[in-house]
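Structure file data03.txt (compact mmCIF, C-alpha atoms) follows.
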# COMPACT_ATOMS: atom_id res chain seq x y z
CA MET A 396 -1.93 -13.97 -28.60
CA LYS A 397 -0.61 -11.50 -26.04
CA ILE A 398 3.08 -11.40 -26.92
CA PRO A 399 2.82 -9.87 -30.43
CA VAL A 400 0.62 -7.10 -29.04
CA VAL A 401 3.18 -6.19 -26.42
CA ARG A 402 5.90 -6.24 -29.07
CA ASN A 403 3.99 -3.79 -31.24
CA ILE A 404 3.51 -1.44 -28.33
CA LEU A 405 7.19 -1.63 -27.42
CA GLU A 406 8.32 -1.03 -31.01
CA ALA A 407 6.00 1.94 -31.44
CA ASN A 408 7.25 3.29 -28.14
CA GLU A 409 10.88 2.91 -29.16
CA ARG A 410 10.35 5.03 -32.28
CA ILE A 411 8.89 7.88 -30.25
CA ALA A 412 11.60 7.52 -27.59
CA ASN A 413 14.28 7.92 -30.25
CA GLU A 414 12.68 11.12 -31.53
CA HIS A 415 12.59 12.50 -28.01
CA ARG A 416 16.18 11.46 -27.32
CA GLN A 417 17.25 13.48 -30.34
CA LEU A 418 15.20 16.50 -29.23
CA PHE A 419 16.69 16.36 -25.73
CA ARG A 420 20.23 16.04 -27.12
CA GLN A 421 19.80 18.99 -29.49
CA ASN A 422 18.79 21.14 -26.54
CA ASN A 423 21.45 19.84 -24.09
CA LEU A 424 18.65 18.86 -21.77
CA LEU A 425 19.39 16.29 -19.05
CA VAL A 426 16.35 14.02 -18.69
CA LEU A 427 15.94 11.68 -15.71
CA ASN A 428 13.20 9.03 -15.55
CA LEU A 429 12.38 8.50 -11.86
CA MET A 430 10.86 5.11 -11.04
CA GLY A 431 9.88 3.12 -7.95
CA SER A 432 7.02 1.57 -5.99
CA PRO A 433 4.10 3.63 -4.70
CA GLY A 434 5.09 5.53 -1.57
CA THR A 435 8.80 5.06 -2.00
CA GLY A 436 9.46 8.82 -1.91
CA LYS A 437 9.65 9.90 -5.55
CA THR A 438 7.74 13.15 -5.09
CA SER A 439 9.51 13.99 -1.83
CA LEU A 440 12.86 13.51 -3.56
CA LEU A 441 11.79 15.89 -6.33
CA GLU A 442 10.63 18.51 -3.84
CA HIS A 443 14.04 18.47 -2.12
CA THR A 444 15.90 18.45 -5.42
CA ILE A 445 13.93 21.39 -6.82
CA HIS A 446 14.39 23.41 -3.61
CA TYR A 447 18.14 22.86 -3.76
CA LEU A 448 18.72 23.33 -7.50
CA LYS A 449 16.11 25.87 -8.61
CA GLY A 450 18.46 28.86 -8.16
CA LYS A 451 21.10 27.17 -10.31
CA LEU A 452 19.07 25.43 -13.03
CA ARG A 453 15.82 25.71 -14.98
CA ILE A 454 13.87 22.63 -13.99
CA GLY A 455 10.84 20.99 -15.58
CA VAL A 456 8.84 18.04 -14.27
CA ILE A 457 6.47 15.66 -16.04
CA GLU A 458 4.34 13.99 -13.37
CA GLY A 459 2.85 10.60 -14.22
CA ASP A 460 -0.07 9.31 -12.17
CA VAL A 461 -2.94 6.94 -12.82
CA GLN A 462 -5.27 9.61 -11.54
CA SER A 463 -5.27 12.90 -9.55
CA SER A 464 -2.90 15.84 -9.60
CA VAL A 465 -1.82 15.60 -5.94
CA ASP A 466 1.85 15.18 -6.85
CA ALA A 467 1.89 17.81 -9.58
CA GLU A 468 0.52 20.35 -7.10
CA ARG A 469 3.32 19.54 -4.64
CA ILE A 470 5.95 19.85 -7.38
CA SER A 471 4.52 23.07 -8.74
CA GLN A 472 4.59 24.58 -5.24
CA ALA A 473 8.23 23.55 -4.93
CA GLY A 474 8.95 25.81 -7.87
CA ALA A 475 9.33 23.80 -11.08
CA ALA A 476 7.42 24.03 -14.35
CA THR A 477 5.11 21.02 -14.08
CA VAL A 478 2.95 19.04 -16.49
CA GLN A 479 0.62 16.33 -15.21
CA ILE A 480 -0.05 13.14 -17.18
CA ASN A 481 -3.00 11.08 -15.98
CA THR A 482 -2.64 7.64 -17.52
CA GLY A 483 -6.29 6.76 -16.92
CA GLY A 484 -5.55 3.26 -15.65
CA ALA A 485 -2.20 2.47 -17.29
CA CYS A 486 0.51 1.50 -14.83
CA HIS A 487 3.45 3.17 -16.60
CA LEU A 488 4.32 6.08 -18.89
CA GLU A 489 4.86 5.58 -22.63
CA GLY A 490 6.41 7.71 -25.32
CA ASN A 491 3.12 8.99 -26.72
CA MET A 492 2.18 10.38 -23.29
CA ILE A 493 5.54 12.16 -23.05
CA LYS A 494 4.97 13.53 -26.57
CA ALA A 495 1.74 15.15 -25.45
CA ALA A 496 3.36 16.53 -22.29
CA LEU A 497 6.28 18.03 -24.25
CA ASP A 498 3.84 20.38 -26.00
CA SER A 499 3.69 22.24 -22.69
CA ILE A 500 7.43 22.33 -21.97
CA ASN A 501 9.91 24.78 -23.45
CA VAL A 502 12.84 22.41 -23.92
CA GLU A 503 15.12 25.18 -25.15
CA GLU A 504 14.75 27.02 -21.89
CA THR A 505 14.99 24.00 -19.60
CA ASP A 506 18.23 22.51 -18.26
CA LEU A 507 16.93 19.54 -16.33
CA LEU A 508 13.74 17.55 -16.91
CA PHE A 509 12.47 15.00 -14.43
CA ILE A 510 9.87 12.46 -15.49
CA GLU A 511 8.21 11.00 -12.39
CA ASN A 512 6.84 7.68 -13.53
CA VAL A 513 3.74 5.94 -12.16
CA GLY A 514 4.45 4.23 -8.82
CA ASN A 515 5.16 0.67 -9.95
CA LEU A 516 8.23 -1.57 -9.69
CA VAL A 517 7.44 -3.57 -12.84
CA CYS A 518 6.29 -2.03 -16.13
CA PRO A 519 7.87 1.44 -16.12
CA ALA A 520 11.27 -0.27 -16.56
CA GLU A 521 10.13 -1.71 -19.91
CA PHE A 522 9.33 1.59 -21.59
CA ASP A 523 12.13 3.78 -22.87
CA LEU A 524 11.08 7.44 -22.65
CA GLY A 525 14.17 8.82 -24.41
CA GLU A 526 15.70 9.75 -21.03
CA ASP A 527 19.44 9.97 -20.35
CA PHE A 528 19.23 7.93 -17.15
CA LYS A 529 16.74 5.82 -15.28
CA VAL A 530 16.86 6.66 -11.57
CA MET A 531 15.29 4.17 -9.22
CA ILE A 532 14.20 4.79 -5.67
CA LEU A 533 13.53 2.02 -3.14
CA SER A 534 12.35 2.59 0.41
CA VAL A 535 14.08 0.48 3.06
CA ALA A 536 10.59 -0.21 4.45
CA GLU A 537 9.90 -2.29 1.30
CA GLY A 538 12.45 -4.94 2.33
CA ASP A 539 15.78 -6.04 0.87
CA ASP A 540 14.38 -8.91 -1.23
CA LYS A 541 13.16 -6.71 -4.08
CA PRO A 542 16.06 -7.14 -6.56
CA GLU A 543 15.42 -10.89 -6.92
CA LYS A 544 11.69 -10.36 -7.36
CA TYR A 545 11.69 -7.33 -9.66
CA PRO A 546 15.03 -7.65 -11.45
CA LEU A 547 14.39 -5.57 -14.59
CA MET A 548 14.25 -2.16 -12.93
CA PHE A 549 17.39 -2.83 -10.89
CA HIS A 550 19.07 -3.93 -14.09
CA GLU A 551 18.00 -0.88 -16.10
CA ALA A 552 18.67 1.85 -13.54
CA SER A 553 21.84 3.96 -13.56
CA VAL A 554 21.24 5.16 -10.01
CA LEU A 555 19.53 3.42 -7.08
CA LEU A 556 18.50 5.68 -4.21
CA LEU A 557 17.86 3.77 -0.99
CA ASN A 558 15.40 6.10 0.74
CA LYS A 559 14.03 6.31 4.29
CA VAL A 560 17.31 5.17 5.86
CA ASP A 561 16.05 6.88 9.05
CA LEU A 562 13.74 3.82 9.38
CA LEU A 563 16.63 1.30 9.31
CA PRO A 564 16.54 0.68 13.10
CA TYR A 565 12.87 -0.37 12.86
CA VAL A 566 12.79 -2.59 9.73
CA ASN A 567 14.55 -5.71 8.44
CA PHE A 568 16.78 -4.35 5.71
CA ASP A 569 20.42 -5.29 5.16
CA ILE A 570 22.16 -2.47 3.24
CA GLY A 571 25.31 -4.55 2.72
CA LYS A 572 23.33 -7.46 1.26
CA ILE A 573 21.31 -5.33 -1.16
CA ARG A 574 24.43 -3.48 -2.36
CA LYS A 575 26.07 -6.81 -3.14
CA VAL A 576 23.02 -8.30 -4.90
CA VAL A 577 22.30 -5.19 -6.98
CA GLN A 578 25.94 -4.70 -7.97
CA SER A 579 26.15 -8.31 -9.12
CA MET A 580 23.12 -7.66 -11.38
CA ASN A 581 24.26 -4.24 -12.55
CA PRO A 582 27.95 -3.53 -11.85
CA LYS A 583 27.84 0.10 -13.07
CA ILE A 584 24.91 1.21 -10.91
CA LYS A 585 25.49 4.05 -8.44
CA ILE A 586 23.85 3.33 -5.07
CA LEU A 587 23.20 6.22 -2.67
CA GLU A 588 21.64 6.08 0.80
CA ILE A 589 19.27 8.95 1.53
CA SER A 590 16.45 10.08 3.76
CA CYS A 591 14.01 12.63 2.37
CA ARG A 592 12.67 12.99 5.92
CA THR A 593 15.94 13.93 7.65
CA GLY A 594 17.86 15.15 4.59
CA GLU A 595 20.65 12.62 5.18
CA GLY A 596 22.67 11.81 2.06
CA LEU A 597 20.78 14.17 -0.27
CA ASP A 598 23.96 16.19 -0.95
CA ASN A 599 25.43 13.19 -2.75
CA TRP A 600 22.35 12.98 -4.95
CA PHE A 601 22.36 16.71 -5.77
CA GLN A 602 26.05 16.39 -6.68
CA TRP A 603 25.32 13.41 -8.95
CA VAL A 604 22.75 15.51 -10.82
CA LEU A 605 25.11 18.51 -11.14
CA ASP A 606 27.92 16.24 -12.39
CA HIS A 607 25.69 15.05 -15.25
CA MET A 608 24.35 18.40 -16.46
CA LYS A 609 24.89 19.20 -20.15
CA LYS A 610 24.65 22.98 -20.14
CA MET B 1272 -4.99 0.88 -31.17
CA LYS B 1273 -4.34 -0.03 -27.55
CA ILE B 1274 -7.86 0.15 -26.11
CA PRO B 1275 -9.48 -2.68 -28.10
CA VAL B 1276 -6.59 -4.98 -27.17
CA VAL B 1277 -7.07 -4.31 -23.48
CA ARG B 1278 -10.80 -4.91 -23.86
CA ASN B 1279 -10.22 -8.28 -25.48
CA ILE B 1280 -7.87 -9.30 -22.70
CA LEU B 1281 -10.36 -8.23 -20.03
CA GLU B 1282 -13.25 -10.06 -21.71
CA ALA B 1283 -11.24 -13.25 -22.15
CA ASN B 1284 -10.19 -12.96 -18.53
CA GLU B 1285 -13.75 -12.54 -17.33
CA ARG B 1286 -14.85 -15.78 -18.99
CA ILE B 1287 -12.11 -17.76 -17.25
CA ALA B 1288 -12.81 -16.01 -13.94
CA ASN B 1289 -16.45 -17.07 -14.15
CA GLU B 1290 -15.47 -20.71 -14.71
CA HIS B 1291 -13.18 -20.58 -11.70
CA ARG B 1292 -15.82 -18.88 -9.55
CA GLN B 1293 -18.16 -21.78 -10.29
CA LEU B 1294 -15.46 -24.35 -9.48
CA PHE B 1295 -14.66 -22.62 -6.17
CA ARG B 1296 -18.35 -22.42 -5.24
CA GLN B 1297 -18.97 -26.11 -6.02
CA ASN B 1298 -16.16 -27.01 -3.64
CA ASN B 1299 -17.10 -24.53 -0.90
CA LEU B 1300 -13.64 -23.07 -1.21
CA LEU B 1301 -13.00 -19.55 0.13
CA VAL B 1302 -10.66 -17.74 -2.27
CA LEU B 1303 -8.92 -14.49 -1.29
CA ASN B 1304 -6.98 -12.38 -3.81
CA LEU B 1305 -4.28 -10.52 -1.85
CA MET B 1306 -3.04 -7.34 -3.48
CA GLY B 1307 -0.73 -4.42 -2.65
CA SER B 1308 2.49 -2.63 -3.51
CA PRO B 1309 5.88 -4.36 -3.46
CA GLY B 1310 7.13 -4.72 0.11
CA THR B 1311 3.82 -3.96 1.76
CA GLY B 1312 3.85 -7.25 3.71
CA LYS B 1313 1.74 -9.67 1.64
CA THR B 1314 3.99 -12.69 2.16
CA SER B 1315 4.55 -11.92 5.85
CA LEU B 1316 0.79 -11.73 6.34
CA LEU B 1317 0.39 -15.13 4.68
CA GLU B 1318 3.12 -16.68 6.84
CA HIS B 1319 1.35 -15.49 10.01
CA THR B 1320 -2.06 -16.55 8.71
CA ILE B 1321 -0.87 -20.04 7.76
CA HIS B 1322 0.88 -20.53 11.12
CA TYR B 1323 -2.31 -19.60 12.95
CA LEU B 1324 -4.86 -21.45 10.78
CA LYS B 1325 -3.06 -24.54 9.53
CA GLY B 1326 -4.28 -26.77 12.37
CA LYS B 1327 -7.88 -25.72 11.69
CA LEU B 1328 -8.04 -25.48 7.87
CA ARG B 1329 -6.52 -26.95 4.73
CA ILE B 1330 -4.78 -24.00 3.08
CA GLY B 1331 -3.48 -23.55 -0.44
CA VAL B 1332 -1.51 -20.61 -1.83
CA ILE B 1333 -0.94 -19.46 -5.41
CA GLU B 1334 2.10 -17.17 -5.40
CA GLY B 1335 2.35 -14.62 -8.20
CA ASP B 1336 5.70 -13.03 -8.94
CA VAL B 1337 7.33 -11.51 -12.00
CA GLN B 1338 10.30 -13.75 -11.36
CA SER B 1339 11.90 -15.93 -8.62
CA SER B 1340 10.36 -18.31 -6.13
CA VAL B 1341 11.55 -16.50 -3.00
CA ASP B 1342 8.02 -16.00 -1.69
CA ALA B 1343 6.76 -19.48 -2.58
CA GLU B 1344 9.65 -20.97 -0.58
CA ARG B 1345 8.70 -18.87 2.46
CA ILE B 1346 5.04 -19.91 2.15
CA SER B 1347 5.84 -23.56 1.61
CA GLN B 1348 8.00 -23.53 4.76
CA ALA B 1349 5.11 -21.98 6.68
CA GLY B 1350 3.14 -25.12 5.89
CA ALA B 1351 0.71 -24.50 3.02
CA ALA B 1352 0.41 -26.27 -0.34
CA THR B 1353 2.03 -23.73 -2.66
CA VAL B 1354 2.11 -23.17 -6.42
CA GLN B 1355 4.35 -20.52 -7.92
CA ILE B 1356 3.34 -18.49 -10.97
CA ASN B 1357 6.12 -16.53 -12.64
CA THR B 1358 4.47 -13.97 -14.90
CA GLY B 1359 7.66 -13.42 -16.93
CA GLY B 1360 7.30 -9.65 -16.97
CA ALA B 1361 3.56 -9.15 -16.55
CA CYS B 1362 2.67 -6.91 -13.61
CA HIS B 1363 -0.49 -8.74 -12.50
CA LEU B 1364 -2.13 -12.18 -12.48
CA GLU B 1365 -4.78 -13.15 -15.05
CA GLY B 1366 -7.29 -15.97 -15.24
CA ASN B 1367 -5.27 -18.11 -17.62
CA MET B 1368 -2.35 -18.14 -15.17
CA ILE B 1369 -4.69 -19.21 -12.36
CA LYS B 1370 -6.07 -21.93 -14.65
CA ALA B 1371 -2.58 -23.39 -15.07
CA ALA B 1372 -1.90 -23.17 -11.32
CA LEU B 1373 -5.18 -24.92 -10.45
CA ASP B 1374 -3.90 -28.07 -12.18
CA SER B 1375 -1.62 -28.48 -9.16
CA ILE B 1376 -4.21 -27.77 -6.45
CA ASN B 1377 -6.72 -30.26 -5.11
CA VAL B 1378 -9.68 -27.92 -4.69
CA GLU B 1379 -11.87 -30.64 -3.15
CA GLU B 1380 -9.42 -31.04 -0.30
CA THR B 1381 -8.72 -27.35 0.26
CA ASP B 1382 -10.77 -25.04 2.51
CA LEU B 1383 -9.01 -21.74 1.95
CA LEU B 1384 -7.04 -20.59 -1.09
CA PHE B 1385 -4.94 -17.44 -1.06
CA ILE B 1386 -3.79 -15.90 -4.32
CA GLU B 1387 -0.87 -13.56 -3.65
CA ASN B 1388 -0.87 -11.18 -6.58
CA VAL B 1389 2.18 -9.45 -8.07
CA GLY B 1390 3.32 -6.50 -5.95
CA ASN B 1391 1.61 -3.62 -7.76
CA LEU B 1392 -1.01 -1.09 -6.69
CA VAL B 1393 -2.45 -0.62 -10.20
CA CYS B 1394 -3.22 -3.48 -12.60
CA PRO B 1395 -4.04 -6.42 -10.29
CA ALA B 1396 -7.25 -4.58 -9.34
CA GLU B 1397 -8.46 -4.75 -12.96
CA PHE B 1398 -8.33 -8.53 -13.31
CA ASP B 1399 -11.04 -10.66 -11.75
CA LEU B 1400 -9.57 -14.03 -10.73
CA GLY B 1401 -12.88 -15.57 -9.66
CA GLU B 1402 -12.05 -14.88 -6.00
CA ASP B 1403 -14.65 -14.32 -3.28
CA PHE B 1404 -12.93 -11.23 -1.91
CA LYS B 1405 -10.12 -8.89 -2.85
CA VAL B 1406 -7.97 -8.17 0.21
CA MET B 1407 -5.69 -5.17 0.00
CA ILE B 1408 -2.68 -4.47 2.16
CA LEU B 1409 -1.07 -1.03 2.49
CA SER B 1410 2.01 -0.30 4.56
CA VAL B 1411 1.86 2.91 6.61
CA ALA B 1412 5.39 3.62 5.31
CA GLU B 1413 3.84 4.17 1.85
CA GLY B 1414 2.04 7.31 2.99
CA ASP B 1415 -1.63 8.18 3.43
CA ASP B 1416 -2.10 9.77 -0.02
CA LYS B 1417 -2.46 6.48 -1.88
CA PRO B 1418 -6.29 6.27 -2.16
CA GLU B 1419 -6.48 9.45 -4.26
CA LYS B 1420 -3.64 8.31 -6.52
CA TYR B 1421 -4.54 4.62 -6.96
CA PRO B 1422 -8.32 4.64 -6.43
CA LEU B 1423 -9.34 1.43 -8.23
CA MET B 1424 -7.82 -1.03 -5.77
CA PHE B 1425 -9.27 0.81 -2.76
CA HIS B 1426 -12.62 0.76 -4.53
CA GLU B 1427 -12.51 -2.95 -5.38
CA ALA B 1428 -11.21 -4.33 -2.06
CA SER B 1429 -13.50 -5.84 0.58
CA VAL B 1430 -10.81 -5.59 3.26
CA LEU B 1431 -8.00 -3.08 3.68
CA LEU B 1432 -5.20 -4.13 6.03
CA LEU B 1433 -3.09 -1.19 7.21
CA ASN B 1434 0.21 -2.94 7.94
CA LYS B 1435 3.39 -1.91 9.78
CA VAL B 1436 1.49 0.19 12.34
CA ASP B 1437 4.59 -0.25 14.57
CA LEU B 1438 6.21 2.34 12.25
CA LEU B 1439 3.51 4.98 12.87
CA PRO B 1440 5.69 7.03 15.28
CA TYR B 1441 8.35 7.40 12.56
CA VAL B 1442 6.33 8.17 9.42
CA ASN B 1443 3.73 10.72 8.28
CA PHE B 1444 0.55 8.70 8.14
CA ASP B 1445 -2.82 9.82 9.48
CA ILE B 1446 -4.95 6.73 10.23
CA GLY B 1447 -8.08 8.82 10.84
CA LYS B 1448 -7.70 10.62 7.52
CA ILE B 1449 -7.18 7.47 5.46
CA ARG B 1450 -10.13 5.71 7.13
CA LYS B 1451 -12.34 8.66 6.19
CA VAL B 1452 -11.11 8.89 2.58
CA VAL B 1453 -11.30 5.15 1.92
CA GLN B 1454 -14.74 4.79 3.49
CA SER B 1455 -16.06 7.64 1.37
CA MET B 1456 -14.83 5.75 -1.74
CA ASN B 1457 -15.97 2.33 -0.57
CA PRO B 1458 -18.45 2.45 2.33
CA LYS B 1459 -18.57 -1.35 2.84
CA ILE B 1460 -14.82 -1.88 3.15
CA LYS B 1461 -13.49 -3.40 6.38
CA ILE B 1462 -10.32 -1.63 7.57
CA LEU B 1463 -8.03 -3.39 10.04
CA GLU B 1464 -4.80 -2.09 11.58
CA ILE B 1465 -2.07 -4.70 11.87
CA SER B 1466 1.66 -5.22 12.29
CA CYS B 1467 3.16 -8.41 10.90
CA ARG B 1468 6.32 -7.49 12.80
CA THR B 1469 4.81 -7.23 16.28
CA GLY B 1470 1.66 -9.30 15.70
CA GLU B 1471 -0.59 -6.40 16.72
CA GLY B 1472 -4.12 -6.66 15.32
CA LEU B 1473 -3.60 -9.98 13.51
CA ASP B 1474 -6.28 -11.66 15.66
CA ASN B 1475 -8.91 -9.46 14.03
CA TRP B 1476 -7.72 -10.55 10.59
CA PHE B 1477 -7.71 -14.26 11.50
CA GLN B 1478 -11.24 -13.86 12.85
CA TRP B 1479 -12.36 -12.15 9.64
CA VAL B 1480 -11.08 -15.14 7.64
CA LEU B 1481 -12.76 -17.66 9.95
CA ASP B 1482 -16.05 -15.74 9.79
CA HIS B 1483 -16.07 -16.09 5.99
CA MET B 1484 -15.22 -19.79 5.68
CA LYS B 1485 -17.67 -21.92 3.67
CA LYS B 1486 -17.00 -25.38 5.03
Let's see the structure in the file written out as structure tokens.
Amino acid sequence: MKIPVVRNILEANERIANEHRQLFRQNNLLVLNLMGSPGTGKTSLLEHTIHYLKGKLRIGVIEGDVQSSVDAERISQAGAATVQINTGGACHLEGNMIKAALDSINVEETDLLFIENVGNLVCPAEFDLGEDFKVMILSVAEGDDKPEKYPLMFHEASVLLLNKVDLLPYVNFDIGKIRKVVQSMNPKIKILEISCRTGEGLDNWFQWVLDHMKK
Amino acid sequence: MKIPVVRNILEANERIANEHRQLFRQNNLLVLNLMGSPGTGKTSLLEHTIHYLKGKLRIGVIEGDVQSSVDAERISQAGAATVQINTGGACHLEGNMIKAALDSINVEETDLLFIENVGNLVCPAEFDLGEDFKVMILSVAEGDDKPEKYPLMFHEASVLLLNKVDLLPYVNFDIGKIRKVVQSMNPKIKILEISCRTGEGLDNWFQWVLDHMKK
């Protein structure tokens, strides 16, 4: 009984995603769907990215959370136009939620739109939001066994940011092993090592974003 | 369209959960539903718990993962009777999955059954599995803002284990603040500080389990 229901939701979502993809393309807007577990550093990454890029680009952020506007307040303070989506229990963002959020975003006057998905390593990867790239962030404190256990997101992402590398001396996490496993699952993925706490490696991420801008 | 579907799933789940609750009660079996984000330390906690309690109690484990049997292999090596559930994409366990797993567990000859849920801070909290207690584990590396953002699980849990306290010197996490916030949401919750890496605080957790045994 459950499978047809999920299929209907995914098909309905795909239609909306395609409309949004067209809208984003017409406006030369780069859209990045940021995904990862709770507490992996998604909002911290956005704060750093906005601070660095806000003089160069017009940035918008759609913040997805089950509840609260804690993250949207942080992002707004960092200096980006921010819209909060509260999913009210749902563990991922879907196209219809993005549709509602886009009413509050001037896509013509935005160069770069981040969608911060709900903190969850599973379902967000299933829902196309019309983005250009899925960007995944994994904290080294989560352990290096995650690709085998949550393969879809590693498979779908164009970029994997390994965050909190300042904690490497204190946790069991083998960077060489995870690079090998992830690249065997997804040969084209770009893997960058960063620390939002110390700032290490963030330059490479900022450069990746700048290299993919459309206007 | 989506809401009635979710309601049907939750109602169907509740019926199965009630059957299981009765089965567990008849057999004086203590059942703990272990929930938390990916990489928060659920499997490590179980390994330690099995090592400590296996001489005293007959322990079974139902391992829930989207894919792979990495965790079930670790648990089986630790010395507990283990059944793996692969959800095939679903981000949480439901009653019908537990029903299938129970075919492989001798409940009459088991004293303590752990159900390790899928690593996810959102949906597992919505699905009653017939357990006696929901036990939540949060790594201090995830940050102390999680209760506001993912309130349901903090509200539903009887025990909150704050894991990886050995990382406290290297992360921004205020134990006093999170205790206050969580207790205001859920006054009866028991909060224990542990480190599966150093073993700190695990004695308190083992004692909590022993205090709640039924046979």
Q | Long-range neighbours of stretch 1296-1301 of chain B as a PyMOL selection string, 7 Å cut-off, only C-alpha atoms, 3 positions minimum in chain | A | chain B and resi 1292-1293+1378-1379+1381-1384+1403+1484-1486
The residue from B:Ile1280, B:Ile1321, B:Ile1386, B:Leu1473 with the smallest atom-to-atom distance to chain A, counting only C-alpha atoms, is B:Ile1280
Contact table stretch 527-604 of chain A vs stretch 447-450 of chain A, cut-off 10 Å, shortest pair per residue, only C-alpha atoms, as JSON lines:
{"residue": "A:Leu597", "atom": "CA", "partner": "A:Tyr447", "partner_atom": "CA", "distance": 9.7}
{"residue": "A:Asp598", "atom": "CA", "partner": "A:Tyr447", "partner_atom": "CA", "distance": 9.3}
{"residue": "A:Phe601", "atom": "CA", "partner": "A:Tyr447", "partner_atom": "CA", "distance": 7.7}
{"residue": "A:Val604", "atom": "CA", "partner": "A:Leu448", "partner_atom": "CA", "distance": 9.4}
Exercise. Return as a ChimeraX atom specification the residues belonging to chain A that are within 9 Å of chain B, counting only C-alpha atoms.
Key: /A:397,400,404,432-436,460-466,484-486,514-518,521,534,536-541,543-547,561-562,565-566,592
- One-decimal distance in Å that lies between atom CA of A:Gln472 and atom CA of A:His443: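 Those two atoms sit 11.7 Å apart.
Distances here use all atoms listed in the file; by that measure, the residue among B:Leu1400, B:Val1354, B:Ala1343, B:Leu1305 closest to B:Val1430 is B:Leu1305.
With atom CA of B:Gly1470 on one side and atom CA of B:Lys1313 on the other, the separation reads 14.1 Å.
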What separates atom CA of B:Gly1331 and atom CA of B:Ile1287 is a distance of 19.8 Å
Residues near A:Trp600, anyone? I mean within 12 Å using only C-alpha atoms, not counting same-chain ones fewer than 2 positions away, as a ChimeraX atom specification. /A:440-441,443-444,447-448,530,532,554-558,585-591,594-598,602-607
Given the selection you just returned, output its residues as a file containing C-alpha atoms, formatted as a PDB file, keeping the file's coordinate frame.
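What ended up in part.pdb:
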ATOM      1  CA  LEU A 440      12.860  13.510  -3.560  1.00  0.00           C
ATOM      2  CA  LEU A 441      11.790  15.890  -6.330  1.00  0.00           C
ATOM      3  CA  HIS A 443      14.040  18.470  -2.120  1.00  0.00           C
ATOM      4  CA  THR A 444      15.900  18.450  -5.420  1.00  0.00           C
ATOM      5  CA  TYR A 447      18.140  22.860  -3.760  1.00  0.00           C
ATOM      6  CA  LEU A 448      18.720  23.330  -7.500  1.00  0.00           C
ATOM      7  CA  VAL A 530      16.860   6.660 -11.570  1.00  0.00           C
ATOM      8  CA  ILE A 532      14.200   4.790  -5.670  1.00  0.00           C
ATOM      9  CA  VAL A 554      21.240   5.160 -10.010  1.00  0.00           C
ATOM     10  CA  LEU A 555      19.530   3.420  -7.080  1.00  0.00           C
ATOM     11  CA  LEU A 556      18.500   5.680  -4.210  1.00  0.00           C
ATOM     12  CA  LEU A 557      17.860   3.770  -0.990  1.00  0.00           C
ATOM     13  CA  ASN A 558      15.400   6.100   0.740  1.00  0.00           C
ATOM     14  CA  LYS A 585      25.490   4.050  -8.440  1.00  0.00           C
ATOM     15  CA  ILE A 586      23.850   3.330  -5.070  1.00  0.00           C
ATOM     16  CA  LEU A 587      23.200   6.220  -2.670  1.00  0.00           C
ATOM     17  CA  GLU A 588      21.640   6.080   0.800  1.00  0.00           C
ATOM     18  CA  ILE A 589      19.270   8.950   1.530  1.00  0.00           C
ATOM     19  CA  SER A 590      16.450  10.080   3.760  1.00  0.00           C
ATOM     20  CA  CYS A 591      14.010  12.630   2.370  1.00  0.00           C
ATOM     21  CA  GLY A 594      17.860  15.150   4.590  1.00  0.00           C
ATOM     22  CA  GLU A 595      20.650  12.620   5.180  1.00  0.00           C
ATOM     23  CA  GLY A 596      22.670  11.810   2.060  1.00  0.00           C
ATOM     24  CA  LEU A 597      20.780  14.170  -0.270  1.00  0.00           C
ATOM     25  CA  ASP A 598      23.960  16.190  -0.950  1.00  0.00           C
ATOM     26  CA  GLN A 602      26.050  16.390  -6.680  1.00  0.00           C
ATOM     27  CA  TRP A 603      25.320  13.410  -8.950  1.00  0.00           C
ATOM     28  CA  VAL A 604      22.750  15.510 -10.820  1.00  0.00           C
ATOM     29  CA  LEU A 605      25.110  18.510 -11.140  1.00  0.00           C
ATOM     30  CA  ASP A 606      27.920  16.240 -12.390  1.00  0.00           C
ATOM     31  CA  HIS A 607      25.690  15.050 -15.250  1.00  0.00           C
TER      32      HIS A 607
END
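Omitting B:Glu1387 and its sequence neighbours fewer than 4 positions away, and counting only C-alpha atoms, the residues within 7 Å are B:Asn1304, B:Leu1305, B:Met1306, B:Ile1333, B:Glu1334, B:Gly1335.
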* Can you find the residues with an atom no farther than 7 Å from (11.1, 5.3, -27.6), counting all atoms listed in the file, and report them as a PyMOL selection string? -> chain A and resi 408-413+490+523-525
